[in-house]
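Okay, input-v4.txt is below, compact mmCIF, C-alpha atoms and all ligand atoms:
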```txt
# COMPACT_ATOMS: atom_id res chain seq x y z
CA MET A 26 -1.98 -25.42 29.39
CA LYS A 27 -4.25 -23.19 31.50
CA LYS A 28 -7.92 -23.82 30.90
CA LEU A 29 -9.96 -20.66 30.22
CA LYS A 30 -13.20 -20.25 32.16
CA GLY A 31 -15.53 -17.55 30.95
CA TRP A 32 -14.84 -14.49 28.73
CA LYS A 33 -13.04 -12.56 31.51
CA ASN A 34 -10.14 -15.01 31.30
CA ILE A 35 -9.51 -14.46 27.61
CA PRO A 36 -6.14 -12.66 27.18
CA ILE A 37 -6.33 -9.05 26.00
CA GLY A 38 -5.49 -8.73 22.30
CA GLY A 39 -4.43 -5.74 20.23
CA LEU A 40 -6.28 -2.52 20.98
CA ILE A 41 -6.95 0.36 18.61
CA LEU A 42 -7.12 3.37 20.88
CA GLU A 43 -7.76 6.03 18.27
CA ALA A 44 -9.28 6.00 14.81
CA GLY A 45 -7.28 6.84 11.69
CA ASN A 46 -3.90 5.81 13.11
CA ALA A 47 -2.79 3.73 10.09
CA LYS A 48 -0.70 6.64 8.80
CA ASP A 49 1.50 6.40 11.90
CA TYR A 50 2.73 2.92 10.96
CA ILE A 51 5.18 2.22 8.15
CA THR A 52 3.54 -0.89 6.75
CA GLY A 53 5.38 -0.93 3.42
CA SER A 54 8.74 -1.92 4.86
CA TRP A 55 8.40 -5.61 4.03
CA ARG A 56 7.59 -5.06 0.36
CA THR A 57 9.38 -7.39 -2.13
CA PHE A 58 8.47 -5.51 -5.31
CA ARG A 59 7.80 -1.81 -5.71
CA PRO A 60 5.65 -0.18 -8.36
CA VAL A 61 7.37 2.38 -10.55
CA LYS A 62 5.50 4.78 -12.80
CA LEU A 63 6.56 5.05 -16.44
CA ARG A 64 5.76 8.72 -17.01
CA GLU A 65 5.69 8.55 -20.77
CA LYS A 66 2.92 5.94 -20.75
CA CYS A 67 0.67 7.30 -17.99
CA THR A 68 -2.52 9.03 -19.15
CA ASN A 69 -3.70 9.93 -15.62
CA CYS A 70 -6.84 7.83 -15.98
CA LEU A 71 -6.55 7.06 -12.22
CA ILE A 72 -7.77 3.48 -12.48
CA CYS A 73 -4.79 2.49 -10.32
CA PHE A 74 -6.00 4.90 -7.64
CA ILE A 75 -9.42 3.24 -7.56
CA TYR A 76 -8.03 -0.28 -7.24
CA CYS A 77 -5.13 0.19 -4.80
CA PRO A 78 -6.18 -1.58 -1.57
CA ASP A 79 -3.82 0.54 0.52
CA CYS A 80 -4.65 4.03 -0.80
CA SER A 81 -1.00 4.30 -1.82
CA ILE A 82 -1.46 6.02 -5.17
CA LYS A 83 -0.76 9.72 -4.76
CA VAL A 84 -3.03 12.07 -6.68
CA LYS A 85 -2.73 15.82 -6.97
CA LYS A 86 -4.97 18.02 -9.11
CA ASP A 87 -6.41 14.98 -10.96
CA LYS A 88 -2.93 13.70 -11.86
CA MET A 89 -1.27 10.48 -10.72
CA GLU A 90 1.77 11.71 -8.82
CA GLY A 91 3.41 8.45 -7.79
CA PHE A 92 3.26 6.14 -4.79
CA ASP A 93 3.21 6.32 -1.02
CA TYR A 94 6.06 3.88 -0.43
CA ASN A 95 5.57 4.02 3.33
CA HIS A 96 2.31 2.13 2.95
CA CYS A 97 2.44 0.41 -0.46
CA LYS A 98 2.80 -3.34 0.11
CA GLY A 99 3.84 -4.15 -3.43
CA CYS A 100 0.82 -6.28 -4.26
CA GLY A 101 1.04 -5.32 -7.94
CA ILE A 102 -2.67 -4.71 -8.41
CA CYS A 103 -2.01 -1.21 -9.79
CA ALA A 104 0.37 -2.60 -12.41
CA ASN A 105 -2.16 -5.27 -13.38
CA VAL A 106 -5.12 -2.92 -13.79
CA CYS A 107 -3.28 -0.12 -15.58
CA PRO A 108 -4.60 -0.30 -19.16
CA PHE A 109 -1.55 1.49 -20.55
CA GLY A 110 1.25 -0.55 -18.99
CA ALA A 111 2.43 2.53 -17.17
CA ILE A 112 3.40 0.79 -13.93
CA GLU A 113 6.29 -1.60 -13.68
CA MET A 114 6.97 -3.81 -10.64
CA ARG A 115 10.67 -3.79 -9.81
CA ASN A 116 12.63 -5.76 -7.25
CA GLU A 117 12.94 -3.79 -4.02
CA ASN A 118 16.62 -4.82 -3.76
CA GLU A 119 17.39 -2.35 -6.57
CA TYR A 120 16.52 0.49 -4.20
CA GLN A 121 18.44 -0.54 -1.07
S1 LIG B 1 -3.80 3.35 -14.26
FE1 LIG B 1 -1.89 3.63 -15.41
S2 LIG B 1 -2.34 5.26 -16.89
FE2 LIG B 1 -3.94 5.31 -15.32
S3 LIG B 1 -3.19 6.82 -13.80
FE3 LIG B 1 -2.52 4.80 -13.10
S4 LIG B 1 -0.47 4.58 -13.97
FE4 LIG B 1 -1.43 6.24 -15.08
S1 LIG B 2 1.53 -2.25 -5.44
FE1 LIG B 2 -0.45 -2.57 -4.42
S2 LIG B 2 -0.32 -1.37 -2.54
FE2 LIG B 2 1.32 -0.64 -3.88
S3 LIG B 2 0.45 1.11 -4.97
FE3 LIG B 2 0.14 -0.72 -6.25
S4 LIG B 2 -1.91 -1.48 -5.72
FE4 LIG B 2 -1.26 -0.05 -4.09
```
Would you put the structure from the file into structure tokens?
Amino acid sequence: MKKLKGWKNIPIGGLILEAGNAKDYITGSWRTFRPVKLREKCTNCLICFIYCPDCSIKVKKDKMEGFDYNHCKGCGICANVCPFGAIEMRNENEYQ
């Protein structure tokens, strides 16, 4: 194995050349479970929107509209924090 001498010999890693480029990458493609909204139970409290780590809860005019499945990773946090049981996690295989 080649011995590194000094910082100039460290291999170049990933580079982010422009800010705000996350939307260009479909990072939800490896999801195992997908959240599904149960319309009849949702009160539009938007707690799920606050907690989603991937900003994948769609909101329009103060209403929860659904999910951005291109970026949702299926972590299930939204389903866990919803106080009304209005989000169900379903196996992604059902949608293929
Ligand atoms: S937390 Fe539950 S009830 Fe509140 S907006 Fe989200 S899905 Fe609807
Ligand atoms: S499953 Fe996770 S990433 Fe997807 S919408 Fe819910 S909280 Fe966000």
Given all atoms listed in the file as the basis, pick out the residue of A:Pro108, A:Gly91, A:Gly99, A:Gly39 nearest to ligand LIG 2 (chain B). A:Gly99
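In terms of minimum interatomic distance to Tyr76 in chain A, A:Cys103 ranks closest within A:His96, A:Cys103, A:Gly31, A:Thr52, counting all atoms listed in the file.
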Measure the distance from CA of Val106 in chain A to atom FE3 of ligand LIG 1 (chain B) in Å and round it to one decimal.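 Atom FE3 of ligand LIG 1 (chain B) lies 8.2 Å from CA of Val106 in chain A.
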Using all atoms listed in the file, find each residue of chain A with at least one atom at most 7 Å away from an atom of ligand LIG 2 (chain B); report its shortest atom-to-atom pair and that distance in Å (one decimal), sort the rows by chain and rising residue number, and return the result as JSON lines.
```
{"residue": "A:Arg59", "atom": "CA", "partner": "B:LIG2", "partner_atom": "S1", "distance": 6.3}
{"residue": "A:Pro60", "atom": "CA", "partner": "B:LIG2", "partner_atom": "S1", "distance": 5.5}
{"residue": "A:Cys73", "atom": "CA", "partner": "B:LIG2", "partner_atom": "S4", "distance": 6.7}
{"residue": "A:Tyr76", "atom": "CA", "partner": "B:LIG2", "partner_atom": "S4", "distance": 6.4}
{"residue": "A:Cys77", "atom": "CA", "partner": "B:LIG2", "partner_atom": "S4", "distance": 3.7}
{"residue": "A:Pro78", "atom": "CA", "partner": "B:LIG2", "partner_atom": "FE4", "distance": 5.7}
{"residue": "A:Asp79", "atom": "CA", "partner": "B:LIG2", "partner_atom": "S2", "distance": 5.0}
{"residue": "A:Cys80", "atom": "CA", "partner": "B:LIG2", "partner_atom": "FE4", "distance": 6.2}
{"residue": "A:Ser81", "atom": "CA", "partner": "B:LIG2", "partner_atom": "S3", "distance": 4.7}
{"residue": "A:Ile82", "atom": "CA", "partner": "B:LIG2", "partner_atom": "S3", "distance": 5.3}
{"residue": "A:Phe92", "atom": "CA", "partner": "B:LIG2", "partner_atom": "S3", "distance": 5.8}
{"residue": "A:Cys97", "atom": "CA", "partner": "B:LIG2", "partner_atom": "FE2", "distance": 3.7}
{"residue": "A:Lys98", "atom": "CA", "partner": "B:LIG2", "partner_atom": "S2", "distance": 4.5}
{"residue": "A:Gly99", "atom": "CA", "partner": "B:LIG2", "partner_atom": "S1", "distance": 3.6}
{"residue": "A:Cys100", "atom": "CA", "partner": "B:LIG2", "partner_atom": "FE1", "distance": 3.9}
{"residue": "A:Gly101", "atom": "CA", "partner": "B:LIG2", "partner_atom": "S1", "distance": 4.0}
{"residue": "A:Ile102", "atom": "CA", "partner": "B:LIG2", "partner_atom": "S4", "distance": 4.3}
{"residue": "A:Cys103", "atom": "CA", "partner": "B:LIG2", "partner_atom": "S4", "distance": 4.1}
{"residue": "A:Ala104", "atom": "CA", "partner": "B:LIG2", "partner_atom": "FE3", "distance": 6.4}
```
Record the distance separating CA of Thr68 in chain A and CA of Val84 in chain A, expressed in Å with one decimal.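 Interatomic distance here is 12.8 Å.
From CA of Glu90 in chain A back to CA of Ala111 in chain A, the distance works out to 12.4 Å.
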Could the residues that lie within 6 Å of ligand LIG 1 (chain B), counting all atoms listed in the file, be listed as a ChimeraX atom specification? /A:67-73,89,107,109,111-112
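Comparing the minimum interatomic distances between Gly53 in chain A and each of A:Asn105, A:Asn116, A:Asn95, A:Asn34, counting all atoms listed in the file, we find that A:Asn95 sits nearest.
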Give the centre and edge lengths of an axis-aligned box, in Å to one decimal, that holds all listed atoms of range 48-67 of chain A with 4 Å on each side, as AutoDock Vina command-line options.
```
--center_x 4.3 --center_y 0.7 --center_z -4.4 --size_x 18.1 --size_y 24.1 --size_z 40.7
```
Shortest interatomic distance to Asn118 in chain A - which of A:Lys30, A:Arg56, A:Lys48, A:Lys88, counting only C-alpha atoms: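 Selected residue with least distance to Asn118 in chain A: A:Arg56.
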